[in-house]
file my_file.txt (compact mmCIF, C-alpha atoms)
# COMPACT_ATOMS: atom_id res chain seq x y z
CA MET A 11 -49.42 38.35 23.15
CA VAL A 12 -45.74 38.78 22.30
CA PHE A 13 -43.48 35.75 22.89
CA GLU A 14 -41.15 37.65 25.24
CA ASP A 15 -44.12 38.55 27.49
CA ILE A 16 -45.29 34.93 27.56
CA TYR A 17 -41.75 33.84 28.40
CA LYS A 18 -41.53 36.22 31.36
CA ALA A 19 -45.05 35.47 32.64
CA TYR A 20 -44.97 31.69 32.30
CA TRP A 21 -41.33 30.61 32.71
CA ASN A 22 -41.62 29.84 36.43
CA LYS A 23 -45.08 28.23 36.11
CA VAL A 24 -43.82 25.88 33.37
CA TYR A 25 -40.61 25.23 35.33
CA ARG A 26 -42.61 24.20 38.43
CA ILE A 27 -44.74 21.79 36.39
CA CYS A 28 -41.59 20.23 34.89
CA MET A 29 -40.00 20.13 38.34
CA GLY A 30 -43.11 18.35 39.69
CA PHE A 31 -42.67 15.75 36.95
CA VAL A 32 -38.91 15.09 37.13
CA ASN A 33 -37.92 16.52 40.57
CA ASN A 34 -34.54 17.50 39.16
CA HIS A 35 -33.50 21.13 38.67
CA ASP A 36 -31.29 20.67 35.59
CA LEU A 37 -33.73 18.36 33.80
CA ALA A 38 -36.66 20.64 34.66
CA LYS A 39 -34.74 23.63 33.28
CA ASP A 40 -34.03 21.76 30.01
CA LEU A 41 -37.66 20.65 29.75
CA THR A 42 -38.82 24.22 30.35
CA GLN A 43 -36.51 25.44 27.59
CA ASP A 44 -37.82 22.77 25.20
CA THR A 45 -41.38 23.74 26.07
CA PHE A 46 -40.70 27.39 25.24
CA LEU A 47 -39.05 26.33 21.98
CA SER A 48 -42.31 24.56 21.04
CA ILE A 49 -44.35 27.58 22.17
CA TRP A 50 -42.19 29.89 20.04
CA GLN A 51 -42.55 27.63 17.00
CA GLN A 52 -46.31 27.16 17.39
CA LEU A 53 -47.34 30.63 18.58
CA PRO A 54 -48.18 31.90 15.04
CA LYS A 55 -50.66 28.99 14.76
CA PHE A 56 -52.36 29.76 18.09
CA ARG A 57 -56.02 30.52 17.27
CA HIS A 58 -57.28 31.67 20.71
CA GLU A 59 -59.71 28.70 20.82
CA ALA A 60 -58.41 28.04 24.33
CA ALA A 61 -56.94 30.40 26.92
CA ILE A 62 -53.23 30.97 26.33
CA GLY A 63 -52.44 29.45 29.74
CA THR A 64 -54.27 26.19 28.93
CA TRP A 65 -52.50 26.04 25.58
CA ILE A 66 -49.09 26.56 27.22
CA PHE A 67 -49.74 23.97 29.93
CA ARG A 68 -50.86 21.46 27.31
CA ILE A 69 -47.54 21.84 25.49
CA ALA A 70 -45.62 21.69 28.78
CA THR A 71 -47.32 18.51 30.02
CA ASN A 72 -46.95 16.77 26.64
CA ASN A 73 -43.28 17.69 26.72
CA CYS A 74 -42.97 16.15 30.18
CA LEU A 75 -44.55 12.93 28.89
CA ARG A 76 -42.11 12.89 25.97
CA GLN A 77 -39.38 12.83 28.62
CA ILE A 78 -40.37 9.19 29.34
CA THR A 79 -38.79 8.17 26.02
CA VAL A 80 -35.54 9.96 26.97
CA ILE A 81 -35.38 8.45 30.46
CA ASN A 82 -35.68 4.96 28.98
CA ARG A 83 -32.99 5.72 26.42
CA MET A 84 -30.54 6.44 29.24
CA PRO A 85 -30.88 4.09 32.24
CA ARG A 86 -30.47 5.77 35.62
CA ALA A 87 -27.17 3.99 36.26
CA GLU A 88 -25.67 5.57 33.13
CA MET A 89 -26.89 9.09 33.86
CA PRO A 90 -24.24 11.69 34.63
CA GLU A 91 -24.08 12.22 38.38
CA HIS A 92 -25.06 15.88 38.17
CA LEU A 93 -28.41 14.82 36.68
CA LEU A 94 -29.39 12.59 39.59
CA ASP A 95 -31.83 14.26 41.96
CA HIS A 96 -30.17 17.61 41.61
CA ILE A 97 -32.35 20.12 43.41
CA GLU A 98 -31.49 23.78 43.87
CA PRO A 99 -29.72 23.79 47.24
CA ASP A 100 -31.34 26.90 48.72
CA ARG A 101 -34.81 25.32 48.97
CA GLU A 102 -36.62 24.94 52.28
CA PRO A 103 -36.75 21.29 53.43
CA GLN A 104 -40.58 21.31 53.24
CA VAL A 105 -40.51 22.56 49.66
CA ARG A 106 -38.03 19.82 48.76
CA PHE A 107 -40.21 17.26 50.50
CA LEU A 108 -43.32 18.36 48.60
CA TYR A 109 -41.56 18.04 45.23
CA LYS A 110 -40.11 14.68 46.28
CA CYS A 111 -43.58 13.39 47.22
CA ILE A 112 -45.05 14.62 43.93
CA GLY A 113 -42.15 13.06 42.02
CA GLU A 114 -43.01 9.68 43.56
CA LEU A 115 -46.61 9.70 42.27
CA PRO A 116 -47.61 7.94 39.02
CA GLU A 117 -46.78 10.14 35.99
CA THR A 118 -50.28 11.41 35.19
CA ASP A 119 -51.02 12.12 38.86
CA ARG A 120 -47.87 14.29 38.96
CA LEU A 121 -49.22 16.36 36.07
CA ILE A 122 -52.72 16.60 37.53
CA ILE A 123 -51.57 17.81 40.96
CA SER A 124 -49.00 20.19 39.44
CA LEU A 125 -51.72 21.84 37.34
CA GLU A 126 -54.06 21.96 40.34
CA LEU A 127 -51.39 23.63 42.49
CA GLU A 128 -50.71 26.04 39.63
CA ASP A 129 -54.37 27.16 40.05
CA VAL A 130 -55.55 25.80 36.71
CA LYS A 131 -59.35 25.22 36.74
CA GLN A 132 -60.32 21.54 36.99
CA ALA A 133 -62.37 21.83 33.78
CA ASP A 134 -59.19 22.99 31.99
CA ILE A 135 -57.09 20.26 33.63
CA ALA A 136 -59.63 17.76 32.25
CA LYS A 137 -59.12 19.18 28.73
CA ILE A 138 -55.33 19.18 29.05
CA ILE A 139 -55.12 15.62 30.38
CA GLY A 140 -57.97 14.16 28.29
CA LEU A 141 -60.16 12.88 31.13
CA SER A 142 -63.63 13.88 32.29
CA PRO A 143 -63.92 16.71 34.87
CA THR A 144 -65.50 14.28 37.35
CA ASN A 145 -62.55 11.97 37.03
CA ILE A 146 -60.13 14.84 37.57
CA ARG A 147 -62.03 15.96 40.69
CA VAL A 148 -61.80 12.46 42.16
CA LYS A 149 -58.13 12.14 41.28
CA VAL A 150 -57.22 15.55 42.74
CA HIS A 151 -59.01 14.61 45.96
CA ARG A 152 -57.15 11.28 46.21
CA ILE A 153 -53.75 12.81 45.43
CA LYS A 154 -54.22 15.53 48.03
CA GLU A 155 -55.12 12.89 50.60
CA LYS A 156 -51.94 10.97 49.76
CA LEU A 157 -49.81 14.12 50.06
CA ALA A 158 -51.44 15.07 53.36
CA GLN A 159 -50.72 11.59 54.68
CA LYS A 160 -47.07 11.84 53.67
CA PHE A 161 -46.73 15.25 55.32
CA GLU A 162 -48.30 13.89 58.52
CA ASN A 163 -45.69 11.13 58.64
CA TYR A 164 -42.94 13.66 57.78
CA GLU A 165 -43.88 16.03 60.59
CA GLU A 166 -44.16 13.30 63.23
CA MET B 22 -51.44 18.10 58.13
CA LYS B 23 -50.98 20.34 55.12
CA ASN B 24 -54.10 22.08 53.87
CA ASP B 25 -54.67 23.33 50.35
CA ASN B 26 -53.19 26.76 50.95
CA ASP B 27 -50.09 25.36 52.65
CA LEU B 28 -49.45 23.09 49.68
CA LYS B 29 -49.90 25.96 47.22
CA THR B 30 -47.55 28.19 49.23
CA LEU B 31 -44.88 25.48 49.29
CA TRP B 32 -45.46 24.73 45.60
CA ASN B 33 -44.98 28.38 44.63
CA LYS B 34 -41.67 28.49 46.50
CA GLY B 35 -40.39 25.80 44.12
CA GLY B 36 -39.79 28.24 41.25
CA SER B 37 -36.30 28.98 39.99
CA ASN B 38 -34.42 32.26 40.39
CA GLU B 39 -32.29 31.67 37.33
CA VAL B 40 -34.63 32.40 34.41
CA PRO B 41 -32.37 32.05 31.33
CA ASP B 42 -32.06 34.88 28.82
CA VAL B 43 -34.56 34.49 25.97
CA LYS B 44 -31.67 34.98 23.48
CA GLU B 45 -30.23 31.63 24.64
CA LEU B 46 -33.49 30.00 23.59
CA PHE B 47 -33.44 31.55 20.11
CA LYS B 48 -29.84 30.40 19.64
CA LYS B 49 -30.79 26.82 20.58
CA ALA B 50 -33.80 26.92 18.24
CA GLY B 51 -31.61 28.03 15.33
CA ASN B 52 -29.05 25.26 15.91
CA MET B 53 -31.70 22.56 16.27
CA ARG B 54 -33.52 23.50 13.08
CA LYS B 55 -30.27 23.63 11.13
CA ALA B 56 -29.14 20.20 12.39
CA ALA B 57 -32.52 18.53 11.67
CA ARG B 58 -32.69 20.04 8.17
CA ILE B 59 -29.11 19.01 7.28
CA ARG B 60 -29.71 15.44 8.51
CA LEU B 61 -32.86 15.06 6.42
CA ILE B 62 -31.29 16.57 3.30
CA VAL B 63 -28.12 14.43 3.54
CA GLN B 64 -30.05 11.17 4.08
CA SER B 65 -32.41 11.80 1.17
CA LEU B 66 -29.61 13.00 -1.12
CA VAL B 67 -27.43 9.93 -0.48
CA LEU B 68 -30.28 7.52 -1.21
CA LEU B 69 -31.49 9.47 -4.26
CA MET B 70 -27.95 9.73 -5.67
CA SER B 71 -27.33 6.01 -5.20
CA THR B 72 -30.60 5.22 -7.00
CA GLY B 73 -29.71 7.67 -9.78
CA ILE B 74 -26.21 6.25 -10.27
CA MET B 75 -27.56 2.70 -10.44
CA LEU B 76 -30.19 3.67 -12.97
CA VAL B 77 -27.69 5.53 -15.19
CA VAL B 78 -25.01 2.80 -14.98
CA GLY B 79 -27.56 0.00 -15.30
CA LEU B 80 -29.23 1.50 -18.35
CA ASN B 81 -25.96 2.29 -20.14
CA ILE B 82 -24.38 -1.16 -19.99
CA ASN B 83 -23.91 -2.75 -23.38
CA ASN B 84 -25.32 -6.26 -23.73
CA ARG B 85 -27.11 -5.84 -20.43
CA GLN B 86 -28.05 -9.23 -19.00
CA LEU B 87 -31.27 -10.13 -17.21
CA THR B 88 -29.44 -10.65 -13.88
CA THR B 89 -28.04 -7.09 -14.04
CA THR B 90 -31.49 -5.61 -14.64
CA ILE B 91 -33.10 -7.67 -11.86
CA GLY B 92 -30.23 -6.75 -9.49
CA ALA B 93 -30.60 -3.03 -10.22
CA TRP B 94 -34.36 -3.13 -9.66
CA LEU B 95 -33.96 -5.08 -6.39
CA MET B 96 -31.55 -2.46 -5.05
CA ILE B 97 -33.80 0.39 -6.14
CA MET B 98 -36.75 -1.40 -4.55
CA ALA B 99 -34.81 -1.72 -1.25
CA MET B 100 -34.11 2.01 -1.17
CA VAL B 101 -37.63 3.03 -2.19
CA ILE B 102 -39.22 0.74 0.44
CA TYR B 103 -36.92 2.17 3.11
CA LEU B 104 -37.58 5.78 2.09
CA VAL B 105 -41.36 5.30 1.87
CA VAL B 106 -41.73 3.48 5.21
CA SER B 107 -39.35 5.74 7.13
CA ASN B 108 -40.92 8.88 5.63
CA GLN B 109 -44.35 7.77 6.85
CA LEU B 110 -42.99 8.70 10.26
CA LEU B 111 -42.27 12.28 9.25
CA PRO B 112 -45.84 13.68 9.27
CA MET B 113 -46.26 12.14 12.75
CA LEU B 114 -43.03 13.68 13.97
CA PHE B 115 -43.89 17.12 12.61
CA LYS B 116 -47.53 17.10 13.71
CA SER B 117 -48.10 19.86 16.23
CA ASP B 118 -48.73 18.64 19.77
CA ALA B 119 -50.28 21.94 20.89
CA GLY B 120 -53.84 20.89 20.19
CA MET B 121 -53.58 17.41 21.69
CA SER B 122 -54.60 16.33 25.14
CA ASN B 123 -52.07 14.24 27.10
CA LYS B 124 -54.11 11.13 26.31
CA GLU B 125 -54.02 11.75 22.53
CA PHE B 126 -50.34 12.68 22.72
CA LEU B 127 -49.46 9.46 24.58
CA ASN B 128 -51.30 7.39 21.97
CA GLN B 129 -49.36 9.14 19.23
CA LEU B 130 -46.05 8.59 21.05
CA ILE B 131 -46.85 4.87 21.33
CA ARG B 132 -47.67 4.71 17.58
CA ILE B 133 -44.38 6.45 16.70
CA LYS B 134 -42.34 4.18 18.97
CA ARG B 135 -44.00 1.04 17.55
CA LYS B 136 -43.23 2.20 14.03
CA ASN B 137 -39.64 2.95 15.05
CA GLU B 138 -39.34 -0.48 16.58
CA PHE B 139 -40.64 -2.06 13.33
CA LEU B 140 -38.12 -0.02 11.32
CA ASP B 141 -35.25 -1.22 13.50
CA ARG B 142 -36.35 -4.83 13.87
CA VAL B 143 -37.76 -5.81 10.46
CA LEU B 144 -37.28 -3.18 7.80
CA VAL B 145 -33.52 -2.88 8.20
CA HIS B 146 -33.13 -6.61 7.42
CA ILE B 147 -35.47 -6.45 4.41
CA TYR B 148 -33.41 -3.49 3.20
CA PHE B 149 -30.03 -5.23 3.55
CA GLY B 150 -31.39 -8.53 2.21
CA LEU B 151 -32.71 -6.94 -0.96
CA LEU B 152 -29.62 -4.75 -1.31
CA ILE B 153 -27.13 -7.63 -1.04
CA ILE B 154 -29.05 -9.99 -3.36
CA GLY B 155 -29.57 -7.11 -5.79
CA MET B 156 -25.88 -6.17 -5.68
CA LEU B 157 -24.84 -9.80 -6.23
CA LEU B 158 -27.04 -10.12 -9.33
CA TYR B 159 -26.01 -6.67 -10.54
CA LEU B 160 -22.29 -7.45 -10.36
CA LEU B 161 -22.55 -10.97 -11.83
CA GLN B 162 -22.12 -9.64 -15.38
CA PHE B 163 -18.90 -7.78 -14.43
CA LEU B 164 -17.38 -10.82 -12.75
CA ARG B 165 -17.79 -13.09 -15.78
CA ASP B 166 -14.41 -12.06 -17.30
CA GLN B 167 -12.62 -13.14 -14.04
CA SER B 168 -10.59 -9.94 -13.65
CA VAL B 169 -8.74 -9.77 -10.30
CA LEU B 170 -9.27 -6.02 -9.97
CA LYS B 171 -13.03 -6.34 -10.42
CA ALA B 172 -13.11 -9.24 -7.95
CA ILE B 173 -11.32 -7.13 -5.33
CA PHE B 174 -13.66 -4.19 -5.99
CA CYS B 175 -16.74 -6.42 -5.58
CA SER B 176 -15.33 -8.05 -2.43
CA VAL B 177 -14.83 -4.61 -0.83
CA ILE B 178 -18.43 -3.68 -1.61
CA PHE B 179 -19.77 -6.92 -0.10
CA ILE B 180 -17.56 -6.60 3.00
CA CYS B 181 -18.86 -3.05 3.54
CA LEU B 182 -22.48 -4.21 3.20
CA ALA B 183 -21.90 -7.20 5.50
CA VAL B 184 -20.28 -4.98 8.15
CA ALA B 185 -23.19 -2.52 7.95
CA TRP B 186 -25.70 -5.39 8.26
CA TYR B 187 -23.78 -6.94 11.15
CA TYR B 188 -23.65 -3.56 12.88
CA SER B 189 -27.43 -3.32 12.62
CA LYS B 190 -27.77 -6.74 14.34
CA ASN B 191 -25.04 -6.52 16.97
CA ARG B 192 -25.34 -6.36 20.74
CA GLU B 193 -25.60 -2.59 20.90
CA SER B 194 -28.54 -2.74 18.54
CA LYS B 195 -30.22 -5.45 20.64
CA LYS B 196 -29.73 -3.26 23.70
CA MET B 197 -31.37 -0.37 21.85
CA GLN B 198 -34.18 -2.70 20.86
CA SER B 199 -34.79 -3.76 24.44
CA MET B 200 -34.76 -0.09 25.54
CA MET B 201 -37.31 0.69 22.83
CA ASN B 202 -39.54 -2.15 24.08
CA GLN B 203 -39.18 -0.85 27.63
CA THR B 204 -40.16 2.63 26.47
CA ILE B 205 -43.27 1.28 24.72
CA LYS B 206 -44.23 -0.67 27.85
CA HIS B 207 -43.67 2.39 30.04
CA LEU B 208 -45.79 4.58 27.73
CA GLN B 209 -48.56 1.96 27.72
CA ALA B 210 -48.47 1.83 31.53
CA VAL B 211 -48.82 5.63 31.69
CA ASN B 212 -51.64 5.46 29.16
CA GLU B 213 -53.32 2.87 31.36
CA GLN B 214 -53.32 5.45 34.20
CA LEU B 215 -55.59 7.59 32.03
CA ARG B 216 -58.36 5.02 31.66
CA ASP B 217 -61.62 6.43 33.02
CA GLY B 218 -62.34 5.10 36.47
CA ASN B 219 -58.67 4.59 37.44
call {"tool": "encode", "arguments": {"input": "my_file.txt", "output": "structure tokens"}}
result
Amino acid sequence: MVFEDIYKAYWNKVYRICMGFVNNHDLAKDLTQDTFLSIWQQLPKFRHEAAIGTWIFRIATNNCLRQITVINRMPRAEMPEHLLDHIEPDREPQVRFLYKCIGELPETDRLIISLELEDVKQADIAKIIGLSPTNIRVKVHRIKEKLAQKFENYEE
Amino acid sequence: MKNDNDLKTLWNKGGSNEVPDVKELFKKAGNMRKAARIRLIVQSLVLLMSTGIMLVVGLNINNRQLTTTIGAWLMIMAMVIYLVVSNQLLPMLFKSDAGMSNKEFLNQLIRIKRKNEFLDRVLVHIYFGLLIIGMLLYLLQFLRDQSVLKAIFCSVIFICLAVAWYYSKNRESKKMQSMMNQTIKHLQAVNEQLRDGN
């Protein structure tokens, strides 16, 4: 697969996963760009041992986790204002609420639910995250329950 | 209550309309590679040149005294220790993360950060300690004839070293240190989320 095709096919999928992790449009865009930089650098080494999608999501989620080191380097109070909770303004309130709820989950739960909503098979999520498929199934179930609960309160 | 399909529909609406041009990405990649390469080359060159100069000058002194030789070797040792320990980080930094699960990647991040923390907290002081003692012994021979010019030259060198050492221990550095510790704690907490059964 040519890099340009991967870029077109996966840009929005990777962006949504990053957005689920940071809930900030500008940061998610930067993270997506960094992810595609890694993909571009590592594509010649890709050996088709996994599906290309799983490979891409693995790079994307690792990149999101690397973000933890950046966040700690710059405390929230010192962040430029445009980086604080900047969400694209034309989003529906429910879409914004979903991303906000996901952004409030523990880090690994954010990644798990983002991959699940991106229609990645649970067996592949298990490989990407490094947990057993049973564990992933349980976690997905619990996270969905939490989200449903939050939406119930939101709609009341 | 939101069912599965509702959530997926909302999730898919969260994409962005502004997909950047791929050329922008290639430009960024080029700049990043260039900057990283230049930084590595400059750092290694400066340390190698300093070692080379000390070896050449040290070996060509007539009536070289024992203190001069010991001083030169201490300074060379400081630079070699620093280069070896800091370069142990390089293979970790360049290792591809494409084949790693999030759990493996987190463990590697924690190892890198711990090593970084050790470099900042301990190694920098070993480096300056050896360098200053080495420099003192190295310059002892030159200061024996009590020339004012040489004394000024040596004082400037020691002031520069002291300022550099102080800078590595000042408040800003302590703040960085505490941020590094926070990062390690945060990474460990995330890693804890991945323990089976959680």
call {"tool": "closest_residue", "arguments": {"input": "my_file.txt", "among": "A:Lys137, A:Lys156, A:Lys110, A:His58", "to": "chain B", "atoms": "only C-alpha atoms"}}
result
A:Lys137
call {"tool": "closest_atom_pairs", "arguments": {"input": "my_file.txt", "of": "chain B", "to": "chain A", "cutoff": "8 Å", "atoms": "only C-alpha atoms", "output": "tab-separated table"}}
result
residue	atom	partner	partner_atom	distance
B:Met22	CA	A:Glu162	CA	5.3
B:Lys23	CA	A:Ala158	CA	5.6
B:Asn24	CA	A:Ala158	CA	7.5
B:Leu28	CA	A:Leu127	CA	7.5
B:Lys29	CA	A:Leu127	CA	5.5
B:Leu31	CA	A:Val105	CA	5.3
B:Trp32	CA	A:Val105	CA	6.8
B:Asn33	CA	A:Arg26	CA	7.8
B:Lys34	CA	A:Val105	CA	6.8
B:Gly35	CA	A:Arg26	CA	6.3
B:Gly36	CA	A:Asn22	CA	5.4
B:Ser37	CA	A:Asn22	CA	6.5
B:Val40	CA	A:Trp21	CA	7.1
B:Val43	CA	A:Glu14	CA	7.3
B:Leu46	CA	A:Gln43	CA	6.8
B:Phe47	CA	A:Leu47	CA	7.9
B:Ala50	CA	A:Leu47	CA	6.5
B:Ser117	CA	A:Gln52	CA	7.6
B:Asp118	CA	A:Ile69	CA	6.7
B:Ala119	CA	A:Ile69	CA	5.4
B:Gly120	CA	A:Trp65	CA	7.6
B:Met121	CA	A:Arg68	CA	7.4
B:Ser122	CA	A:Ile138	CA	4.9
B:Asn123	CA	A:Ile139	CA	4.7
B:Lys124	CA	A:Gly140	CA	5.3
B:Glu125	CA	A:Gly140	CA	7.4
B:Phe126	CA	A:Asn72	CA	6.6
B:Leu127	CA	A:Leu75	CA	7.4
B:Leu130	CA	A:Arg76	CA	7.6
B:Met197	CA	A:Arg83	CA	7.8
B:Met200	CA	A:Arg83	CA	6.1
B:Met201	CA	A:Arg83	CA	7.5
B:Gln203	CA	A:Asn82	CA	6.9
B:Thr204	CA	A:Asn82	CA	5.6
B:His207	CA	A:Ile78	CA	7.6
B:Leu208	CA	A:Ile78	CA	7.3
B:Val211	CA	A:Glu117	CA	6.6
B:Gln214	CA	A:Thr118	CA	6.8
B:Leu215	CA	A:Leu141	CA	7.0
B:Asp217	CA	A:Leu141	CA	6.9
B:Gly218	CA	A:Asn145	CA	6.9
call {"tool": "atom_distance", "arguments": {"input": "my_file.txt", "atom1": "atom CA of Met96 of chain B", "atom2": "atom CA of Arg135 of chain B"}}
result
26.0 Å
call {"tool": "residues_around", "arguments": {"input": "my_file.txt", "residues": "segment 145-162 of chain B", "least_positions_apart": "4", "cutoff": "12 Å", "atoms": "all atoms listed in the file", "output": "VMD selection string"}}
result
chain B and resid 71 to 72 75 to 76 78 to 80 82 to 107 137 to 141 166 to 168 171 to 172 174 to 176 178 to 190 194
